[in-house]
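K.L.:
Quick one: structure below, then a few questions.
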Amino acid sequence: MEDMEEMKEKRTVLVTGNAGYIGTVMTGYLRDRSYKVYGLDTCYFSNDLLYPVPEGSRPDRQAVKDIRDVCAADLEGVDAVVHLAALSNDPLGEINPGLTEEVNFRSTIRLAGLCKDAGVKRFIFASSCSIYGISGTDAPVDEKGKLNPVTAYAKAKVQAEEGLSKLAGADFHPVFMRNATVYGLSPRLRLDLVVNNLLAWAYLTKEVAIMSDGKPWRPILHIEDFCAAFAAALEAPEDRVHNEAFNVGQDSENYRVKDIAAEVQKAVPGSEVRILNKTGADERSYKVDFSKINRVLPEFRPRWDLKAGIGQLLEAYAGYGLTREGFDSERYFRIRAIRSLMKEGKVDNNLKITGGKR
Ligand SMILES: NC(=O)c1ccc[n+]([C@@H]2O[C@H](COP(=O)([O-])OP(=O)(O)OC[C@H]3O[C@@H](n4cnc5c(N)ncnc54)[C@H](O)[C@@H]3O)[C@@H](O)[C@H]2O)c1
């Protein structure tokens, strides 16, 4: 039986953005499911670690490469693509406004074209619930709901979905995973995400600081559940996922930011919530309907909720010794890390790598 398993040829997945927050966990997740993983990443954040990347989360092959320079040779031996590489939050787009469109939209479509030419049919795209923007209602929005992207990041995700959809056909099956805001542990931790951020600050200062008025809806998704959803999309029969969009999350994990803060406050003894109500705070607010993924991809069984995720993160912050100095450094904040790379001359104004492997 074991021999049979070994004889089964391993499927190879190209994971772009494999050296990021989610990509690092995705690589381990897919390797655990017996996939061979090829990674492609500029590796902007490869040294921004909370703890060393375990052997099992390293790809079988790594291309340190810009997605803008991807070519047919990068797809040799590849059976499917998980496309995560992106400028992953809005402040990054402010460095050079055209960049988000170039990296997140145009390069996605070019990569998809190369996939079609190479016969790589399945293409799982990391889209985002932030394409619903300011939904203007407390009613949960489903995949047919109105898109209202309010940031360059979200607009590029919409453009990419539309462009990929045009390429869909018998020889190409794009799947659009509209992920909720992710939280949870990764060796390449990000603290610019709502749960990770509120909890880290509370852990370090006993203050749960909400920048907005706390009312925006923000559905959240544990990083391992993100990976589980992608695995389900990779493995489902093609007629179930071909050219389909899925909101990725759970109905029960739609929170207002102030409700997330309340859970954080409960978990950090002696902490207090402060609502700062700053102008210019993130205005996105969307409550999301996640019933489609449950219905169409029942193989996806989310295992985490906010409370469990907070427990996991708190243990890691304490266990790996997260410090105030670390929080204030560039390590866990994408915009600071990129600015630092620019200052050191390791990337140019277009965020192209100039040398000095990260
Ligand atoms: N984190 C979330 O809450 C969330 C929610 C919804 C969707 N997503 C999407 O999931 C994906 C991964 O997000 P993440 O949180 O891991 O972000 P991340 O910033 O940690 O990782 C992105 C990776 O892409 C790489 N990258 C950036 N530009 C590149 C380029 N031009 N060429 C090659 N590699 C490049 C970076 O080096 C990094 O390793 C992104 O597409 C993001 O939009 C994330």
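Here, A, B, ... name the chains of the structure tokens in the order displayed, residue numbers run from 1 inside each chain, and ligands are numbered from 1 in the same displayed order.
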Pull the closest atom pair for each residue of chain A that gets at most 6 Å from ligand 1, along with the distance in Å to one decimal, counting only C-alpha atoms and all ligand atoms, ordering rows by chain and then ascending residue number, as a tab-separated table.

P.N.:
residue	atom	partner	partner_atom_place_in_ligand_line	distance
A:Gly17	CA	ligand 1	24 (O)	3.6
A:Asn18	CA	ligand 1	39 (O)	5.9
A:Ala19	CA	ligand 1	39 (O)	4.1
A:Gly20	CA	ligand 1	39 (O)	3.2
A:Tyr21	CA	ligand 1	20 (O)	3.7
A:Ile22	CA	ligand 1	16 (O)	3.7
A:Gly23	CA	ligand 1	16 (O)	5.4
A:Asp41	CA	ligand 1	34 (N)	3.7
A:Thr42	CA	ligand 1	34 (N)	4.3
A:Cys43	CA	ligand 1	37 (O)	4.2
A:Tyr44	CA	ligand 1	37 (O)	4.1
A:Phe45	CA	ligand 1	37 (O)	5.5
A:Lys65	CA	ligand 1	33 (C)	5.8
A:Asp66	CA	ligand 1	32 (N)	3.5
A:Ile67	CA	ligand 1	32 (N)	3.7
A:Arg68	CA	ligand 1	31 (N)	5.8
A:Leu84	CA	ligand 1	11 (C)	4.0
A:Ala85	CA	ligand 1	24 (O)	3.5
A:Ala86	CA	ligand 1	27 (C)	4.4
A:Leu87	CA	ligand 1	27 (C)	4.9
A:Ser88	CA	ligand 1	43 (O)	4.4
A:Val103	CA	ligand 1	31 (N)	5.3
A:Ala126	CA	ligand 1	9 (C)	4.9
A:Ser127	CA	ligand 1	7 (C)	5.3
A:Ser128	CA	ligand 1	6 (C)	4.2
A:Asn179	CA	ligand 1	6 (C)	4.4
A:Ala180	CA	ligand 1	5 (C)	5.4
A:Thr181	CA	ligand 1	3 (O)	3.7
A:Val182	CA	ligand 1	3 (O)	3.7

K.L.:
Give me the residues near Pro269 (chain A) as a list in words, where near means some atom within 12 Å (using only C-alpha atoms) and where sequence neighbours in that chain fewer than 3 positions away do not count.

P.N.:
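Near Pro269 (chain A), the qualifying residues are Leu199, Ala202, Tyr203, Leu204, Thr205, Lys206, Glu207, Val208, Glu263, Val264, Gln265, Lys266, Glu272, Val273 and Leu314 of chain A.
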
K.L.:
Would you please work out which residue, of A:Ser135, A:Thr354, A:Ser165, A:Thr12, is nearest to Glu244 (chain A) when using only C-alpha atoms?

P.N.:
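The answer is A:Ser165, which sits nearest to Glu244 (chain A).
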
K.L.:
Of the candidates A:Gln312, A:Thr16, A:Ser340, A:Ser212, which one gets nearest to Val64 (chain A) if we count only C-alpha atoms?

P.N.:
A:Thr16

K.L.:
Residues of region 30-148 of chain A that have any atom at most 10 Å from an atom of region 170-174 of chain A: could you tabulate them with the shortest-distance atom pair and the distance in Å to one decimal, using only C-alpha atoms, ordered by chain and increasing number, as a Markdown table?

P.N.:
| residue | atom | partner | partner_atom | distance |
| --- | --- | --- | --- | --- |
| A:Ala80 | CA | A:His173 | CA | 9.8 |
| A:Val81 | CA | A:Pro174 | CA | 9.5 |
| A:Ala112 | CA | A:Phe172 | CA | 8.5 |
| A:Gly113 | CA | A:Phe172 | CA | 9.4 |
| A:Cys115 | CA | A:Phe172 | CA | 8.0 |
| A:Lys116 | CA | A:Phe172 | CA | 6.1 |
| A:Asp117 | CA | A:Asp171 | CA | 9.1 |
| A:Ala118 | CA | A:Asp171 | CA | 9.9 |
| A:Gly119 | CA | A:Asp171 | CA | 6.8 |
| A:Val120 | CA | A:Phe172 | CA | 7.2 |
| A:Lys121 | CA | A:Phe172 | CA | 4.3 |
| A:Arg122 | CA | A:His173 | CA | 4.9 |
| A:Phe123 | CA | A:Pro174 | CA | 4.7 |
| A:Ile124 | CA | A:Pro174 | CA | 5.9 |
| A:Phe125 | CA | A:Pro174 | CA | 7.1 |

K.L.:
So that I can check the surroundings of Asn96 (chain A), please list as a PDB file with N, CA and C atoms, in the first residue's frame every protein, DNA and RNA residue that reaches within 12 Å of it, counting only C-alpha atoms and ignoring chain neighbours fewer than 2 positions away.

P.N.:
ATOM      1  N   LEU A  87       1.873  42.833  -4.183  1.00  0.00           N
ATOM      2  CA  LEU A  87       2.096  43.872  -3.174  1.00  0.00           C
ATOM      3  C   LEU A  87       0.851  43.789  -2.316  1.00  0.00           C
ATOM      4  N   ASP A  90      -2.364  48.032   0.942  1.00  0.00           N
ATOM      5  CA  ASP A  90      -2.496  49.284   0.216  1.00  0.00           C
ATOM      6  C   ASP A  90      -1.362  50.287   0.387  1.00  0.00           C
ATOM      7  N   PRO A  91      -0.839  50.476   1.587  1.00  0.00           N
ATOM      8  CA  PRO A  91       0.243  51.455   1.721  1.00  0.00           C
ATOM      9  C   PRO A  91       1.417  51.171   0.781  1.00  0.00           C
ATOM     10  N   LEU A  92       1.621  49.907   0.413  1.00  0.00           N
ATOM     11  CA  LEU A  92       2.704  49.583  -0.513  1.00  0.00           C
ATOM     12  C   LEU A  92       2.479  50.254  -1.866  1.00  0.00           C
ATOM     13  N   GLY A  93       1.232  50.363  -2.252  1.00  0.00           N
ATOM     14  CA  GLY A  93       0.893  50.998  -3.519  1.00  0.00           C
ATOM     15  C   GLY A  93       1.217  52.488  -3.533  1.00  0.00           C
ATOM     16  N   GLU A  94       1.332  53.063  -2.341  1.00  0.00           N
ATOM     17  CA  GLU A  94       1.599  54.505  -2.269  1.00  0.00           C
ATOM     18  C   GLU A  94       3.044  54.841  -2.625  1.00  0.00           C
ATOM     19  N   GLY A  98       1.538  53.269  -9.683  1.00  0.00           N
ATOM     20  CA  GLY A  98       1.324  52.341 -10.800  1.00  0.00           C
ATOM     21  C   GLY A  98       1.760  50.921 -10.472  1.00  0.00           C
ATOM     22  N   LEU A  99       2.533  50.782  -9.410  1.00  0.00           N
ATOM     23  CA  LEU A  99       3.145  49.479  -9.139  1.00  0.00           C
ATOM     24  C   LEU A  99       2.150  48.394  -8.775  1.00  0.00           C
ATOM     25  N   THR A 100       1.158  48.762  -7.991  1.00  0.00           N
ATOM     26  CA  THR A 100       0.186  47.759  -7.565  1.00  0.00           C
ATOM     27  C   THR A 100      -0.499  47.173  -8.797  1.00  0.00           C
ATOM     28  N   GLU A 101      -0.852  48.052  -9.742  1.00  0.00           N
ATOM     29  CA  GLU A 101      -1.512  47.571 -10.957  1.00  0.00           C
ATOM     30  C   GLU A 101      -0.569  46.670 -11.771  1.00  0.00           C
ATOM     31  N   GLU A 102       0.686  47.102 -11.859  1.00  0.00           N
ATOM     32  CA  GLU A 102       1.669  46.363 -12.663  1.00  0.00           C
ATOM     33  C   GLU A 102       1.942  44.968 -12.067  1.00  0.00           C
ATOM     34  N   VAL A 103       2.166  44.945 -10.757  1.00  0.00           N
ATOM     35  CA  VAL A 103       2.543  43.675 -10.116  1.00  0.00           C
ATOM     36  C   VAL A 103       1.301  42.795  -9.908  1.00  0.00           C
ATOM     37  N   ALA A 152      -6.275  50.923  -4.368  1.00  0.00           N
ATOM     38  CA  ALA A 152      -5.550  50.445  -5.556  1.00  0.00           C
ATOM     39  C   ALA A 152      -5.376  48.930  -5.481  1.00  0.00           C
ATOM     40  N   ILE A 335       5.190  47.702   4.673  1.00  0.00           N
ATOM     41  CA  ILE A 335       5.595  49.008   4.144  1.00  0.00           C
ATOM     42  C   ILE A 335       6.960  49.406   4.691  1.00  0.00           C
ATOM     43  N   ILE A 338       9.783  47.276   3.016  1.00  0.00           N
ATOM     44  CA  ILE A 338      10.072  47.692   1.639  1.00  0.00           C
ATOM     45  C   ILE A 338      10.856  49.007   1.644  1.00  0.00           C
ATOM     46  N   ARG A 339      10.429  49.938   2.487  1.00  0.00           N
ATOM     47  CA  ARG A 339      11.157  51.216   2.555  1.00  0.00           C
ATOM     48  C   ARG A 339      12.605  50.976   2.955  1.00  0.00           C
ATOM     49  N   ASP A 348      15.014  48.892  -6.296  1.00  0.00           N
ATOM     50  CA  ASP A 348      14.953  50.255  -6.847  1.00  0.00           C
ATOM     51  C   ASP A 348      13.540  50.830  -6.683  1.00  0.00           C
ATOM     52  N   ASN A 349      13.296  51.994  -7.295  1.00  0.00           N
ATOM     53  CA  ASN A 349      11.996  52.654  -7.122  1.00  0.00           C
ATOM     54  C   ASN A 349      10.835  51.851  -7.687  1.00  0.00           C
ATOM     55  N   ASN A 350      11.153  50.926  -8.593  1.00  0.00           N
ATOM     56  CA  ASN A 350      10.101  50.054  -9.129  1.00  0.00           C
ATOM     57  C   ASN A 350      10.025  48.746  -8.369  1.00  0.00           C
ATOM     58  N   LEU A 351      10.724  48.704  -7.238  1.00  0.00           N
ATOM     59  CA  LEU A 351      10.777  47.507  -6.387  1.00  0.00           C
ATOM     60  C   LEU A 351      11.396  46.304  -7.090  1.00  0.00           C
TER      61      LEU A 351
END

K.L.:
Taking the backbone alone, and naming residues the way the document does, which bits of region 187-267 of chain A are helix (DSSP H, G or I) by DSSP, as a PyMOL selection string?

P.N.:
chain A and resi 194-205+223-235+238-241+251-253+257-267

K.L.:
Please list as a list of chain:residue names every residue within 12 Å of Glu283 (chain A), counting only C-alpha atoms and excluding residues in the same chain fewer than 2 positions away.

P.N.:
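Those residues are A:Ser130, A:Tyr132, A:Gly133, A:Ile134, A:Ser135, A:Gly136, A:Pro149, A:Val150, A:Thr151, A:Met211, A:Ser212, A:Asp213, A:Gly214, A:Lys215, A:Pro216, A:Trp217, A:Arg218, A:Val257, A:Asn277, A:Lys278, A:Thr279, A:Gly280, A:Ala281, A:Ser285, A:Tyr286.
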
K.L.:
Write down as JSON, numbers by chain the residues of region 226-345 of chain A whose backbone DSSP state falls under strand (DSSP E or B).

P.N.:
{"A": [244, 245, 246, 247, 248, 254, 255, 256, 272, 273, 274, 275, 285, 288]}

K.L.:
Since we have the selection now, will you write its residues out, keeping all heavy atoms, as a compact mmCIF listing (two decimals), in the first residue's frame?

P.N.:
# COMPACT_ATOMS: atom_id res chain seq x y z
N GLU A 244 -14.80 30.08 -11.22
CA GLU A 244 -15.72 30.41 -10.13
C GLU A 244 -15.03 31.28 -9.07
O GLU A 244 -13.83 31.11 -8.81
CB GLU A 244 -16.20 29.13 -9.42
CG GLU A 244 -17.13 28.28 -10.24
CD GLU A 244 -18.52 28.89 -10.39
OE1 GLU A 244 -18.93 29.70 -9.54
OE2 GLU A 244 -19.19 28.56 -11.39
N ALA A 245 -15.81 32.16 -8.47
CA ALA A 245 -15.31 32.95 -7.33
C ALA A 245 -15.87 32.35 -6.04
O ALA A 245 -17.03 31.92 -6.00
CB ALA A 245 -15.76 34.39 -7.46
N PHE A 246 -15.05 32.30 -5.02
CA PHE A 246 -15.47 31.82 -3.69
C PHE A 246 -15.07 32.82 -2.63
O PHE A 246 -13.88 33.18 -2.53
CB PHE A 246 -14.80 30.48 -3.36
CG PHE A 246 -15.19 29.36 -4.26
CD1 PHE A 246 -14.40 29.00 -5.35
CD2 PHE A 246 -16.38 28.66 -4.05
CE1 PHE A 246 -14.76 27.97 -6.19
CE2 PHE A 246 -16.75 27.62 -4.89
CZ PHE A 246 -15.95 27.27 -5.96
N ASN A 247 -16.02 33.25 -1.83
CA ASN A 247 -15.65 33.96 -0.61
C ASN A 247 -15.06 32.92 0.33
O ASN A 247 -15.69 31.88 0.57
CB ASN A 247 -16.88 34.61 0.03
CG ASN A 247 -17.43 35.74 -0.82
OD1 ASN A 247 -16.69 36.35 -1.60
ND2 ASN A 247 -18.72 36.03 -0.68
N VAL A 248 -13.89 33.20 0.87
CA VAL A 248 -13.21 32.20 1.71
C VAL A 248 -13.20 32.67 3.15
O VAL A 248 -12.56 33.67 3.49
CB VAL A 248 -11.77 31.93 1.23
CG1 VAL A 248 -11.14 30.82 2.06
CG2 VAL A 248 -11.76 31.56 -0.25
N ASN A 254 -17.49 36.69 10.88
CA ASN A 254 -17.69 38.09 10.52
C ASN A 254 -17.72 38.89 11.81
O ASN A 254 -18.60 38.68 12.65
CB ASN A 254 -19.06 38.28 9.84
CG ASN A 254 -19.03 38.01 8.35
OD1 ASN A 254 -18.36 38.71 7.59
ND2 ASN A 254 -19.77 36.99 7.92
N TYR A 255 -16.78 39.77 12.02
CA TYR A 255 -16.73 40.57 13.25
C TYR A 255 -16.69 42.04 12.90
O TYR A 255 -16.17 42.42 11.84
CB TYR A 255 -15.45 40.26 14.05
CG TYR A 255 -15.37 38.86 14.59
CD1 TYR A 255 -14.73 37.87 13.87
CD2 TYR A 255 -15.91 38.54 15.83
CE1 TYR A 255 -14.64 36.56 14.35
CE2 TYR A 255 -15.83 37.25 16.32
CZ TYR A 255 -15.20 36.26 15.59
OH TYR A 255 -15.11 34.98 16.08
N ARG A 256 -17.17 42.85 13.83
CA ARG A 256 -16.80 44.26 13.77
C ARG A 256 -15.44 44.38 14.45
O ARG A 256 -15.12 43.59 15.35
CB ARG A 256 -17.81 45.12 14.51
CG ARG A 256 -19.15 45.24 13.79
CD ARG A 256 -20.01 46.25 14.51
NE ARG A 256 -21.39 46.25 14.04
CZ ARG A 256 -21.83 46.99 13.01
NH1 ARG A 256 -21.00 47.78 12.37
NH2 ARG A 256 -23.08 46.94 12.65
N GLU A 272 -6.73 47.14 28.23
CA GLU A 272 -7.92 47.98 28.06
C GLU A 272 -8.07 48.41 26.61
O GLU A 272 -7.07 48.66 25.93
CB GLU A 272 -7.79 49.24 28.92
CG GLU A 272 -8.15 48.97 30.37
CD GLU A 272 -7.99 50.20 31.24
OE1 GLU A 272 -8.20 51.32 30.72
OE2 GLU A 272 -7.64 50.01 32.41
N VAL A 273 -9.33 48.53 26.18
CA VAL A 273 -9.60 48.94 24.80
C VAL A 273 -9.60 50.46 24.72
O VAL A 273 -10.18 51.14 25.57
CB VAL A 273 -10.97 48.40 24.32
CG1 VAL A 273 -11.30 48.91 22.92
CG2 VAL A 273 -10.99 46.87 24.34
N ARG A 274 -8.93 51.00 23.69
CA ARG A 274 -9.00 52.45 23.41
C ARG A 274 -9.43 52.65 21.97
O ARG A 274 -8.81 52.12 21.05
CB ARG A 274 -7.64 53.12 23.62
CG ARG A 274 -7.39 53.47 25.08
CD ARG A 274 -6.13 54.28 25.21
NE ARG A 274 -6.22 55.58 24.55
CZ ARG A 274 -5.17 56.28 24.13
NH1 ARG A 274 -3.96 55.80 24.25
NH2 ARG A 274 -5.33 57.47 23.57
N ILE A 275 -10.53 53.39 21.80
CA ILE A 275 -11.00 53.67 20.44
C ILE A 275 -10.46 55.04 20.03
O ILE A 275 -10.85 56.06 20.60
CB ILE A 275 -12.55 53.62 20.39
CG1 ILE A 275 -12.99 52.19 20.75
CG2 ILE A 275 -13.06 54.03 19.02
CD1 ILE A 275 -14.45 51.90 20.59
N SER A 285 -15.58 48.30 5.01
CA SER A 285 -16.50 47.59 5.90
C SER A 285 -17.35 46.66 5.06
O SER A 285 -18.05 47.10 4.15
CB SER A 285 -17.41 48.60 6.62
OG SER A 285 -18.27 47.91 7.49
N VAL A 288 -19.66 39.37 5.04
CA VAL A 288 -19.58 38.50 3.87
C VAL A 288 -20.34 37.18 4.09
O VAL A 288 -20.33 36.61 5.18
CB VAL A 288 -18.09 38.26 3.50
CG1 VAL A 288 -17.96 37.25 2.37
CG2 VAL A 288 -17.43 39.58 3.12

K.L.:
For Asp74 (chain A), which residue out of A:Arg106, A:Gly39, A:Asn89, A:Pro54 is the nearest one, using only C-alpha atoms?

P.N.:
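Between A:Arg106, A:Gly39, A:Asn89, A:Pro54, the residue approaching Asp74 (chain A) most closely is A:Gly39.
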
K.L.:
For a test of reading the model, state the distance in Å between CA of Leu147 (chain A) and CA of Glu299 (chain A), rounded to one decimal.

P.N.:
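Result for CA of Leu147 (chain A) versus CA of Glu299 (chain A): 27.1 Å, one decimal.
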
K.L.:
So which residues touch Gly321 (chain A) within 10 Å, counting only C-alpha atoms, skipping near sequence neighbours fewer than 5 positions away, as a ChimeraX atom specification?

P.N.:
/A:50-51,315-316,326

K.L.:
Quick one: pull the distance between CA of Cys129 (chain A) and CA of Ala154 (chain A), Å, one decimal.

P.N.:
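So the answer is 8.6 Å.
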
K.L.:
Can you pull out the residues contacting region 228-241 of chain A? Cut-off 7 Å, using only C-alpha atoms, and skip same-chain residues under 5 positions away; I want them as a VMD selection string.

P.N.:
chain A and resid 175 296 to 297 299 to 300

K.L.:
What does the file look like for those residues with all heavy atoms, as a PDB file, in the first residue's frame?

P.N.:
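Contents of the output file part04.pdb:
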ATOM      1  N   VAL A 175      -9.515  30.004 -10.680  1.00  0.00           N
ATOM      2  CA  VAL A 175     -10.420  29.977  -9.523  1.00  0.00           C
ATOM      3  C   VAL A 175     -10.089  31.201  -8.681  1.00  0.00           C
ATOM      4  O   VAL A 175      -8.918  31.463  -8.393  1.00  0.00           O
ATOM      5  CB  VAL A 175     -10.222  28.694  -8.673  1.00  0.00           C
ATOM      6  CG1 VAL A 175     -11.329  28.583  -7.627  1.00  0.00           C
ATOM      7  CG2 VAL A 175     -10.159  27.443  -9.535  1.00  0.00           C
ATOM      8  N   VAL A 296     -20.270  24.260  -2.310  1.00  0.00           N
ATOM      9  CA  VAL A 296     -19.615  23.733  -3.521  1.00  0.00           C
ATOM     10  C   VAL A 296     -18.325  22.978  -3.197  1.00  0.00           C
ATOM     11  O   VAL A 296     -17.949  22.052  -3.899  1.00  0.00           O
ATOM     12  CB  VAL A 296     -19.337  24.897  -4.505  1.00  0.00           C
ATOM     13  CG1 VAL A 296     -18.690  24.396  -5.776  1.00  0.00           C
ATOM     14  CG2 VAL A 296     -20.626  25.641  -4.825  1.00  0.00           C
ATOM     15  N   LEU A 297     -17.659  23.409  -2.127  1.00  0.00           N
ATOM     16  CA  LEU A 297     -16.405  22.740  -1.754  1.00  0.00           C
ATOM     17  C   LEU A 297     -16.503  22.225  -0.314  1.00  0.00           C
ATOM     18  O   LEU A 297     -15.805  22.715   0.582  1.00  0.00           O
ATOM     19  CB  LEU A 297     -15.225  23.714  -1.868  1.00  0.00           C
ATOM     20  CG  LEU A 297     -14.772  24.137  -3.260  1.00  0.00           C
ATOM     21  CD1 LEU A 297     -13.624  25.135  -3.180  1.00  0.00           C
ATOM     22  CD2 LEU A 297     -14.335  22.919  -4.076  1.00  0.00           C
ATOM     23  N   GLU A 299     -15.289  19.821   0.959  1.00  0.00           N
ATOM     24  CA  GLU A 299     -13.997  19.292   1.445  1.00  0.00           C
ATOM     25  C   GLU A 299     -13.291  20.328   2.308  1.00  0.00           C
ATOM     26  O   GLU A 299     -12.433  19.991   3.125  1.00  0.00           O
ATOM     27  CB  GLU A 299     -13.068  18.955   0.261  1.00  0.00           C
ATOM     28  CG  GLU A 299     -13.608  17.942  -0.720  1.00  0.00           C
ATOM     29  CD  GLU A 299     -14.553  18.541  -1.776  1.00  0.00           C
ATOM     30  OE1 GLU A 299     -14.885  19.753  -1.693  1.00  0.00           O
ATOM     31  OE2 GLU A 299     -14.978  17.784  -2.655  1.00  0.00           O
ATOM     32  N   PHE A 300     -13.613  21.589   2.097  1.00  0.00           N
ATOM     33  CA  PHE A 300     -13.009  22.662   2.901  1.00  0.00           C
ATOM     34  C   PHE A 300     -13.739  22.716   4.239  1.00  0.00           C
ATOM     35  O   PHE A 300     -14.896  23.098   4.317  1.00  0.00           O
ATOM     36  CB  PHE A 300     -13.132  24.004   2.162  1.00  0.00           C
ATOM     37  CG  PHE A 300     -12.846  25.206   3.033  1.00  0.00           C
ATOM     38  CD1 PHE A 300     -11.638  25.331   3.707  1.00  0.00           C
ATOM     39  CD2 PHE A 300     -13.788  26.221   3.171  1.00  0.00           C
ATOM     40  CE1 PHE A 300     -11.376  26.446   4.515  1.00  0.00           C
ATOM     41  CE2 PHE A 300     -13.534  27.336   3.972  1.00  0.00           C
ATOM     42  CZ  PHE A 300     -12.325  27.434   4.641  1.00  0.00           C
TER      43      PHE A 300
END

K.L.:
Got a sec: who's within 9 Å of Met26 (chain A), counting only C-alpha atoms, leaving out chain neighbours fewer than 5 positions off, as a list in words?

P.N.:
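With the cut-off at 9 Å, the set is Val15, Asn18, Arg31, Ser57, Ile223, Glu224, Phe226, Cys227, Ala228 and Phe230 of chain A.
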
K.L.:
Put those residues in a file: all heavy atoms, as an mmCIF file, in the first residue's frame.

P.N.:
data_model
loop_
_atom_site.group_PDB
_atom_site.id
_atom_site.type_symbol
_atom_site.label_atom_id
_atom_site.label_comp_id
_atom_site.auth_asym_id
_atom_site.auth_seq_id
_atom_site.Cartn_x
_atom_site.Cartn_y
_atom_site.Cartn_z
ATOM 1 N N VAL A 15 4.058 27.813 -6.369
ATOM 2 C CA VAL A 15 3.475 28.784 -5.439
ATOM 3 C C VAL A 15 4.257 30.083 -5.611
ATOM 4 O O VAL A 15 5.435 30.154 -5.247
ATOM 5 C CB VAL A 15 3.551 28.294 -3.972
ATOM 6 C CG1 VAL A 15 2.986 29.354 -3.029
ATOM 7 C CG2 VAL A 15 2.805 26.975 -3.791
ATOM 8 N N ASN A 18 5.801 32.487 -2.364
ATOM 9 C CA ASN A 18 5.944 31.424 -1.354
ATOM 10 C C ASN A 18 6.747 31.867 -0.139
ATOM 11 O O ASN A 18 6.670 31.226 0.907
ATOM 12 C CB ASN A 18 6.634 30.201 -1.977
ATOM 13 C CG ASN A 18 8.101 30.480 -2.289
ATOM 14 O OD1 ASN A 18 8.389 31.278 -3.174
ATOM 15 N ND2 ASN A 18 9.005 29.856 -1.575
ATOM 16 N N ARG A 31 3.142 20.623 0.958
ATOM 17 C CA ARG A 31 4.131 19.529 1.035
ATOM 18 C C ARG A 31 3.605 18.414 1.946
ATOM 19 O O ARG A 31 3.792 17.241 1.651
ATOM 20 C CB ARG A 31 5.475 20.065 1.521
ATOM 21 C CG ARG A 31 6.179 20.881 0.423
ATOM 22 C CD ARG A 31 7.629 21.123 0.739
ATOM 23 N NE ARG A 31 8.352 19.884 0.960
ATOM 24 C CZ ARG A 31 9.545 19.803 1.538
ATOM 25 N NH1 ARG A 31 10.158 20.904 1.925
ATOM 26 N NH2 ARG A 31 10.130 18.644 1.714
ATOM 27 N N SER A 57 8.583 23.498 5.441
ATOM 28 C CA SER A 57 7.908 24.641 4.812
ATOM 29 C C SER A 57 8.780 25.298 3.752
ATOM 30 O O SER A 57 8.463 26.384 3.252
ATOM 31 C CB SER A 57 7.538 25.682 5.870
ATOM 32 O OG SER A 57 6.590 25.151 6.740
ATOM 33 N N ILE A 223 -4.877 31.506 8.922
ATOM 34 C CA ILE A 223 -3.920 31.216 7.832
ATOM 35 C C ILE A 223 -3.974 29.745 7.397
ATOM 36 O O ILE A 223 -3.876 29.435 6.212
ATOM 37 C CB ILE A 223 -2.499 31.664 8.257
ATOM 38 C CG1 ILE A 223 -1.515 31.652 7.104
ATOM 39 C CG2 ILE A 223 -1.964 30.872 9.447
ATOM 40 C CD1 ILE A 223 -0.242 32.460 7.372
ATOM 41 N N GLU A 224 -4.193 28.835 8.342
ATOM 42 C CA GLU A 224 -4.251 27.417 7.950
ATOM 43 C C GLU A 224 -5.555 27.099 7.216
ATOM 44 O O GLU A 224 -5.579 26.229 6.330
ATOM 45 C CB GLU A 224 -4.106 26.518 9.184
ATOM 46 C CG GLU A 224 -2.665 26.458 9.665
ATOM 47 C CD GLU A 224 -2.524 25.758 10.999
ATOM 48 O OE1 GLU A 224 -3.395 24.972 11.394
ATOM 49 O OE2 GLU A 224 -1.501 26.034 11.664
ATOM 50 N N PHE A 226 -7.039 29.255 5.271
ATOM 51 C CA PHE A 226 -6.744 29.794 3.929
ATOM 52 C C PHE A 226 -6.106 28.675 3.092
ATOM 53 O O PHE A 226 -6.527 28.389 1.971
ATOM 54 C CB PHE A 226 -5.780 30.968 4.096
ATOM 55 C CG PHE A 226 -5.344 31.711 2.852
ATOM 56 C CD1 PHE A 226 -5.699 33.040 2.669
ATOM 57 C CD2 PHE A 226 -4.521 31.130 1.892
ATOM 58 C CE1 PHE A 226 -5.257 33.763 1.552
ATOM 59 C CE2 PHE A 226 -4.085 31.830 0.777
ATOM 60 C CZ PHE A 226 -4.451 33.158 0.608
ATOM 61 N N CYS A 227 -5.102 28.029 3.666
ATOM 62 C CA CYS A 227 -4.383 26.970 2.922
ATOM 63 C C CYS A 227 -5.314 25.800 2.610
ATOM 64 O O CYS A 227 -5.270 25.234 1.507
ATOM 65 C CB CYS A 227 -3.184 26.475 3.736
ATOM 66 S SG CYS A 227 -1.973 27.770 4.049
ATOM 67 N N ALA A 228 -6.169 25.460 3.578
ATOM 68 C CA ALA A 228 -7.095 24.335 3.372
ATOM 69 C C ALA A 228 -8.054 24.646 2.219
ATOM 70 O O ALA A 228 -8.379 23.765 1.412
ATOM 71 C CB ALA A 228 -7.872 24.066 4.655
ATOM 72 N N PHE A 230 -7.454 26.578 -0.344
ATOM 73 C CA PHE A 230 -6.710 26.505 -1.608
ATOM 74 C C PHE A 230 -6.490 25.041 -2.010
ATOM 75 O O PHE A 230 -6.592 24.694 -3.186
ATOM 76 C CB PHE A 230 -5.363 27.249 -1.498
ATOM 77 C CG PHE A 230 -5.483 28.723 -1.807
ATOM 78 C CD1 PHE A 230 -6.331 29.538 -1.072
ATOM 79 C CD2 PHE A 230 -4.757 29.289 -2.842
ATOM 80 C CE1 PHE A 230 -6.461 30.898 -1.362
ATOM 81 C CE2 PHE A 230 -4.875 30.650 -3.141
ATOM 82 C CZ PHE A 230 -5.727 31.448 -2.401
#

K.L.:
Which one of A:Ala308, A:Leu322, A:Val25, A:Ile210 sits closest to Leu276 (chain A) if you count only C-alpha atoms?

P.N.:
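Looking at the shortest contact to Leu276 (chain A), the residue is A:Ile210.
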